[in-house]
file input-v9.cif (mmCIF, C-alpha atoms and all ligand atoms)
data_final
#
loop_
_atom_site.label_atom_id
_atom_site.label_comp_id
_atom_site.auth_asym_id
_atom_site.auth_seq_id
_atom_site.Cartn_x
_atom_site.Cartn_y
_atom_site.Cartn_z
CA MET A 1 -1.77 6.45 29.90
CA PRO A 2 -5.40 5.30 30.27
CA GLU A 3 -6.42 1.81 29.23
CA ALA A 4 -8.00 1.37 25.81
CA LYS A 5 -11.29 0.34 27.35
CA THR A 6 -13.83 2.12 25.18
CA LEU A 7 -13.99 -0.54 22.52
CA PHE A 8 -14.92 -3.14 25.08
CA GLU A 9 -17.81 -1.07 26.35
CA PHE A 10 -19.57 -1.14 23.01
CA PRO A 11 -19.29 -4.85 22.16
CA ALA A 12 -22.85 -5.24 20.93
CA ARG A 13 -22.57 -2.36 18.53
CA LEU A 14 -19.21 -3.06 16.97
CA MET A 15 -20.49 -5.58 14.46
CA LYS A 16 -23.73 -3.78 13.74
CA ARG A 17 -22.70 -1.42 11.03
CA ALA A 18 -24.83 -0.73 7.99
CA PRO A 19 -25.16 -3.59 5.46
CA ASP A 20 -22.97 -3.40 2.36
CA GLU A 21 -25.99 -2.86 0.14
CA ILE A 22 -26.88 0.37 1.98
CA LEU A 23 -23.27 1.56 1.99
CA LEU A 24 -22.98 0.85 -1.73
CA ASP A 25 -26.13 2.87 -2.40
CA LEU A 26 -24.65 5.73 -0.37
CA ALA A 27 -21.36 5.55 -2.27
CA LYS A 28 -23.21 5.58 -5.58
CA SER A 29 -25.71 8.30 -4.80
CA ARG A 30 -23.53 10.67 -2.78
CA ASN A 31 -20.02 10.33 -4.09
CA ALA A 32 -19.50 8.46 -7.30
CA PHE A 33 -19.21 10.51 -10.46
CA ASP A 34 -19.77 7.30 -12.42
CA PRO A 35 -21.44 4.58 -10.29
CA SER A 36 -20.59 1.87 -12.85
CA VAL A 37 -17.05 1.96 -11.41
CA PHE A 38 -18.28 -0.41 -8.71
CA ASP A 39 -19.09 -2.99 -11.38
CA GLU A 40 -15.52 -2.81 -12.63
CA HIS A 41 -13.67 -2.36 -9.33
CA ARG A 42 -14.93 -4.27 -6.33
CA PRO A 43 -15.87 -1.97 -3.43
CA PHE A 44 -14.50 -2.61 0.04
CA PHE A 45 -16.32 -1.35 3.14
CA PHE A 46 -15.01 -1.16 6.67
CA SER A 47 -15.83 0.54 9.95
CA ALA A 48 -13.67 2.40 12.44
CA ALA A 49 -14.03 3.88 15.90
CA ILE A 50 -12.49 7.19 14.87
CA SER A 51 -12.60 9.15 18.14
CA ASN A 52 -13.78 8.90 21.72
CA GLY A 53 -13.86 10.73 25.02
CA GLU A 54 -10.70 9.09 26.40
CA LEU A 55 -7.65 11.07 27.38
CA ASP A 56 -5.06 10.77 24.61
CA CYS A 57 -1.29 10.85 24.73
CA TYR A 58 -1.24 14.62 24.01
CA TYR A 59 -3.27 15.25 27.21
CA THR A 60 -6.34 16.26 25.30
CA ARG A 61 -9.86 14.88 25.58
CA MET A 62 -12.60 15.33 23.04
CA ALA A 63 -15.67 17.03 24.48
CA THR A 64 -19.14 15.84 23.51
CA SER A 65 -19.58 18.87 21.23
CA SER A 66 -16.52 17.83 19.18
CA LEU A 67 -17.51 14.17 19.02
CA GLN A 68 -20.98 15.10 17.77
CA ASN A 69 -19.43 17.37 15.14
CA TYR A 70 -17.06 14.58 14.05
CA ALA A 71 -20.03 12.22 13.60
CA ALA A 72 -21.84 14.81 11.46
CA ASP A 73 -18.71 15.53 9.40
CA ALA A 74 -17.98 11.82 8.85
CA ASP A 75 -21.60 11.37 7.80
CA ALA A 76 -21.24 14.19 5.29
CA GLY A 77 -18.02 12.58 3.99
CA VAL A 78 -14.35 13.13 4.81
CA SER A 79 -11.29 11.68 3.16
CA LEU A 80 -9.49 8.63 4.56
CA GLN A 81 -5.84 9.62 4.40
CA ASP A 82 -2.53 7.84 4.53
CA SER A 83 -0.72 8.78 7.77
CA HIS A 84 -2.07 12.38 7.87
CA TRP A 85 -0.34 13.24 4.59
CA GLU A 86 -2.87 15.86 3.63
CA TRP A 87 -1.01 16.85 0.48
CA ARG A 88 -1.66 13.37 -0.94
CA LEU A 89 -4.95 12.11 -2.26
CA GLY A 90 -7.05 9.80 -0.16
CA LEU A 91 -7.19 6.01 0.19
CA GLY A 92 -10.96 6.07 0.65
CA ARG A 93 -13.84 8.13 2.01
CA SER A 94 -16.31 8.04 4.87
CA LEU A 95 -19.94 7.24 4.20
CA THR A 96 -21.53 7.41 7.63
CA GLY A 97 -20.80 8.80 11.08
CA LYS A 98 -22.52 8.02 14.36
CA TYR A 99 -22.05 9.40 17.87
CA GLU A 100 -22.59 6.78 20.57
CA LYS A 101 -22.83 7.13 24.32
CA ALA A 102 -22.94 4.29 26.87
CA GLY A 103 -22.76 5.39 30.48
CA GLU A 104 -19.76 7.70 30.78
CA SER A 105 -18.18 6.47 27.54
CA GLU A 106 -18.61 8.24 24.24
CA GLN A 107 -17.31 7.35 20.80
CA VAL A 108 -17.78 8.03 17.11
CA ILE A 109 -18.14 5.15 14.67
CA ALA A 110 -17.83 5.69 10.93
CA ASP A 111 -18.16 3.53 7.81
CA PHE A 112 -15.66 3.93 4.97
CA TYR A 113 -15.22 2.62 1.47
CA THR A 114 -12.59 2.25 -1.16
CA VAL A 115 -12.38 0.24 -4.36
CA CYS A 116 -9.88 -2.35 -5.54
CA GLY A 117 -7.47 -1.52 -8.32
CA ILE A 118 -6.38 2.06 -7.66
CA LYS A 119 -2.64 2.56 -8.06
CA PHE A 120 -0.72 5.19 -6.14
CA ASN A 121 2.36 6.95 -7.37
CA ASP A 122 3.91 7.63 -3.99
CA ALA A 123 2.24 6.29 -0.85
CA THR A 124 2.59 3.69 1.89
CA TYR A 125 0.80 1.15 -0.30
CA GLN A 126 1.30 0.79 -4.04
CA THR A 127 -2.36 -0.01 -4.66
CA THR A 128 -5.70 -0.05 -2.85
CA ASP A 129 -5.49 -3.85 -3.15
CA ASP A 130 -2.42 -3.78 -0.87
CA PHE A 131 -4.19 -1.41 1.51
CA ILE A 132 -7.28 -3.65 1.64
CA ASN A 133 -5.17 -6.73 2.30
CA ALA A 134 -3.37 -4.90 5.11
CA ILE A 135 -6.73 -4.12 6.74
CA ARG A 136 -8.02 -7.65 6.21
CA ALA A 137 -4.91 -9.10 7.83
CA GLY A 138 -5.13 -6.74 10.80
CA ILE A 139 -1.81 -5.10 9.87
CA ALA A 140 -3.33 -1.67 9.23
CA LYS A 141 -5.65 -1.14 12.16
CA ASP A 142 -5.03 2.10 14.02
CA VAL A 143 -6.72 5.30 12.93
CA SER A 144 -6.29 8.88 13.98
CA ILE A 145 -8.24 12.02 13.16
CA GLY A 146 -7.19 15.39 11.89
CA PHE A 147 -9.39 18.15 13.26
CA HIS A 148 -9.56 21.91 12.97
CA GLY A 149 -11.13 24.79 14.82
CA GLY A 150 -12.52 24.30 18.28
CA GLU A 151 -11.51 25.50 21.71
CA PHE A 152 -8.93 24.12 24.13
CA VAL A 153 -10.47 24.36 27.59
CA CYS A 154 -8.37 23.71 30.73
CA SER A 155 -9.67 20.77 32.78
CA VAL A 156 -8.57 22.39 36.04
CA CYS A 157 -9.70 26.03 35.78
CA GLY A 158 -12.08 25.95 32.80
CA LEU A 159 -10.31 28.79 30.98
CA ASP A 160 -8.87 28.89 27.48
CA MET A 161 -5.67 26.84 27.75
CA TRP A 162 -3.83 29.16 25.33
CA SER A 163 -4.63 32.27 27.36
CA TRP A 164 -2.27 33.82 29.94
CA ASP A 165 -5.06 33.55 32.54
CA CYS A 166 -4.68 29.77 32.65
CA TRP A 167 -1.32 28.78 34.10
CA HIS A 168 -1.86 25.00 34.03
CA ILE A 169 0.29 22.76 31.86
CA PRO A 170 -1.21 19.61 30.35
CA GLY A 171 0.28 16.48 31.90
CA LEU A 172 1.31 18.09 35.20
CA GLU A 173 -0.50 17.44 38.49
CA TYR A 174 -2.12 20.18 40.55
CA ASP A 175 -3.71 20.35 43.98
CA ILE A 176 -7.46 20.80 43.78
CA LYS A 177 -8.71 22.79 46.78
CA ASP A 178 -12.16 23.27 48.23
CA LYS A 179 -13.58 26.70 49.07
CA ASN A 180 -11.77 26.67 52.42
CA GLY A 181 -8.43 26.25 50.68
CA ASP A 182 -7.96 22.63 51.79
CA VAL A 183 -6.50 20.21 49.28
CA ILE A 184 -9.12 17.59 48.42
CA ARG A 185 -7.24 15.76 45.64
CA ARG A 186 -4.51 16.01 43.05
CA GLU A 187 -5.48 16.15 39.42
CA GLU A 188 -3.59 15.86 36.14
CA ALA A 189 -4.32 18.81 33.88
CA PHE A 190 -5.50 18.21 30.32
CA ALA A 191 -7.26 20.16 27.61
CA TRP A 192 -10.86 19.57 26.63
CA VAL A 193 -11.20 20.00 22.86
CA ALA A 194 -14.64 21.50 22.32
CA LYS A 195 -16.57 22.43 19.15
CA ALA A 196 -13.86 21.16 16.80
CA ARG A 197 -14.57 19.88 13.27
CA LEU A 198 -13.31 16.74 11.56
CA ALA A 199 -10.87 17.41 8.72
CA GLU A 200 -9.88 13.85 7.84
CA VAL A 201 -9.36 10.35 9.21
CA SER A 202 -5.99 8.68 8.71
CA VAL A 203 -4.70 5.16 8.88
CA VAL A 204 -1.59 5.38 11.06
CA TYR A 205 0.96 2.99 12.49
CA LYS A 206 -0.04 3.90 16.04
CA GLY A 207 -2.90 6.13 17.02
CA ALA A 208 -2.73 8.78 19.73
CA THR A 209 -6.22 8.07 21.03
CA PRO A 210 -6.71 4.78 22.88
CA GLY A 211 -9.43 2.74 21.22
CA ALA A 212 -9.43 4.54 17.86
CA ALA A 213 -9.14 1.61 15.49
CA ILE A 214 -10.53 -0.18 12.49
CA LEU A 215 -13.16 -2.51 13.83
CA LYS A 216 -13.08 -6.23 13.45
CA GLY A 217 -15.85 -7.73 11.38
CA ILE A 218 -15.01 -6.17 8.04
CA PHE A 219 -15.30 -8.26 4.92
CA LEU A 220 -14.91 -7.86 1.21
CA SER A 221 -18.10 -6.91 -0.50
CA ARG A 222 -19.72 -9.83 -2.26
CA ILE A 223 -21.57 -7.47 -4.57
ZN ZN B 301 -6.11 26.22 33.72
#
call {"tool": "encode", "arguments": {"input": "input-v9.cif", "output": "C-alpha cells"}}
result
Amino acid sequence: MPEAKTLFEFPARLMKRAPDEILLDLAKSRNAFDPSVFDEHRPFFFSAAISNGELDCYYTRMATSSLQNYAADADAGVSLQDSHWEWRLGLGRSLTGKYEKAGESEQVIADFYTVCGIKFNDATYQTTDDFINAIRAGIAKDVSIGFHGGEFVCSVCGLDMWSWDCWHIPGLEYDIKDKNGDVIRREEAFAWVAKARLAEVSVVYKGATPGAAILKGIFLSRI
C-alpha cells in the first residue's frame, strides 16, 4: 500500500479554494431552481481532493486522461452521494473541478455545496445538519469516486487488461526483462484507468484511494 503522500505535496493549494461568494453565485446561477432557498437555508461549502494518480487498494491508477475528465465533470456538476448508494438522492453537489499537477503528482480538487435543513428518509445522516456537523468535526472525511467508461490498460504490457492477450494479474509481481532477456527488475502489475468519466463522488467511511479526502479549512458560510 503506497503512502498517502499526495495531499502533502500540494500544501499551498489546499486552502486556496474559491471564496464562498463565488461558490454561492455558481450554486445560484447553475443549479438552484429557486435561489432564494439560500436565504432560508444556510449554504455550506467544502472542498475535497476527489482523485489522484496514486495506486489504490484495487491495484488501479488513474491516468492523466481520466483525472482531467473528472475535473471537467466535477466542474459541470456531479452529485455528492452517501456511501455510493446511487439509488438514493444526493447529500450535495459539486460546483467546481480542477486538475492539478506538481512534479510527478497529479490530483483533482473539487468544491461542493449543500444546505442546512434537508431531512432524509433513509440515509446515514438524518439531516444535512448532521452531515455538515460530521464534516466540521472531521468525522466524515474520506471520499471516493464512482466512475464509468474508460479503458483498463496493463502497466506491464500496455494491453487491455480484460483481453486474453494480457496475462498479467493486478497485484502480482513480474520480472521485467530487457531486450536481451535479462531480468532488470521486478514490478507489481496494476491497471491504468484511462479516459474514464466521473459519475459521482461519495462520502465513505474509508476511501480506496490514498489521499482522497475532504480538505481541512472548510467553514460554514457566513452569508
Ligand atoms: Zn499485461
call {"tool": "axis_aligned_box", "arguments": {"input": "input-v9.cif", "around": "range 169-188 of chain A", "padding_each_side": "5 Å", "output": "AutoDock Vina command-line options"}}
result
--center_x -6.1 --center_y 21.2 --center_z 41.4 --size_x 24.9 --size_y 20.9 --size_z 32.1
call {"tool": "residues_near_ligand", "arguments": {"input": "input-v9.cif", "ligand": "ligand ZN 301 (chain B)", "cutoff": "10 Å", "atoms": "all atoms listed in the file", "output": "list in words"}}
result
Val153, Cys154, Ser155, Val156, Cys157, Gly158, Leu159, Asp160, Met161, Trp162, Ser163, Trp164, Asp165, Cys166, Trp167, His168, Ile169, Pro170, Tyr174, Ala189, Phe190 and Ala191 of chain A
call {"tool": "closest_atom_pairs", "arguments": {"input": "input-v9.cif", "of": "range 89-205 of chain A", "to": "range 41-55 of chain A", "cutoff": "6 Å", "atoms": "all atoms listed in the file", "output": "CSV"}}
result
residue,atom,partner,partner_atom,distance
A:Glu106,CA,A:Gly53,CA,5.4
A:Gln107,CA,A:Asn52,CA,4.0
A:Val108,CA,A:Ser51,CA,5.4
A:Ile109,CA,A:Ala49,CA,4.5
A:Ala110,CA,A:Ala48,CA,5.5
A:Asp111,CA,A:Ser47,CA,4.4
A:Phe112,CA,A:Phe46,CA,5.4
A:Tyr113,CA,A:Phe45,CA,4.4
A:Thr114,CA,A:Phe44,CA,5.4
A:Val115,CA,A:Pro43,CA,4.2
A:Cys116,CA,A:His41,CA,5.4
call {"tool": "atom_distance", "arguments": {"input": "input-v9.cif", "atom1": "CA of Thr96 in chain A", "atom2": "CA of Asp122 in chain A"}}
result
28.0 Å
call {"tool": "closest_residue", "arguments": {"input": "input-v9.cif", "among": "A:Gly103, A:Gly171, A:Gly97, A:Pro210", "to": "Ala18 in chain A", "atoms": "all atoms listed in the file"}}
result
A:Gly97
call {"tool": "atom_distance", "arguments": {"input": "input-v9.cif", "atom1": "CA of Thr124 in chain A", "atom2": "CA of Gly92 in chain A"}}
result
13.8 Å
call {"tool": "atom_distance", "arguments": {"input": "input-v9.cif", "atom1": "CA of Asp39 in chain A", "atom2": "CA of Arg93 in chain A"}}
result
18.2 Å
call {"tool": "closest_residue", "arguments": {"input": "input-v9.cif", "among": "A:Leu95, A:Ile145, A:Ile22, A:Ala194", "to": "Asp82 in chain A", "atoms": "all atoms listed in the file"}}
result
A:Ile145
call {"tool": "closest_residue", "arguments": {"input": "input-v9.cif", "among": "A:Thr60, A:Ser36, A:Ser66, A:Asn31", "to": "Leu198 in chain A", "atoms": "all atoms listed in the file"}}
result
A:Ser66
call {"tool": "closest_residue", "arguments": {"input": "input-v9.cif", "among": "A:Glu173, A:Cys57, A:Ala72, A:Glu187", "to": "Lys206 in chain A", "atoms": "all atoms listed in the file"}}
result
A:Cys57
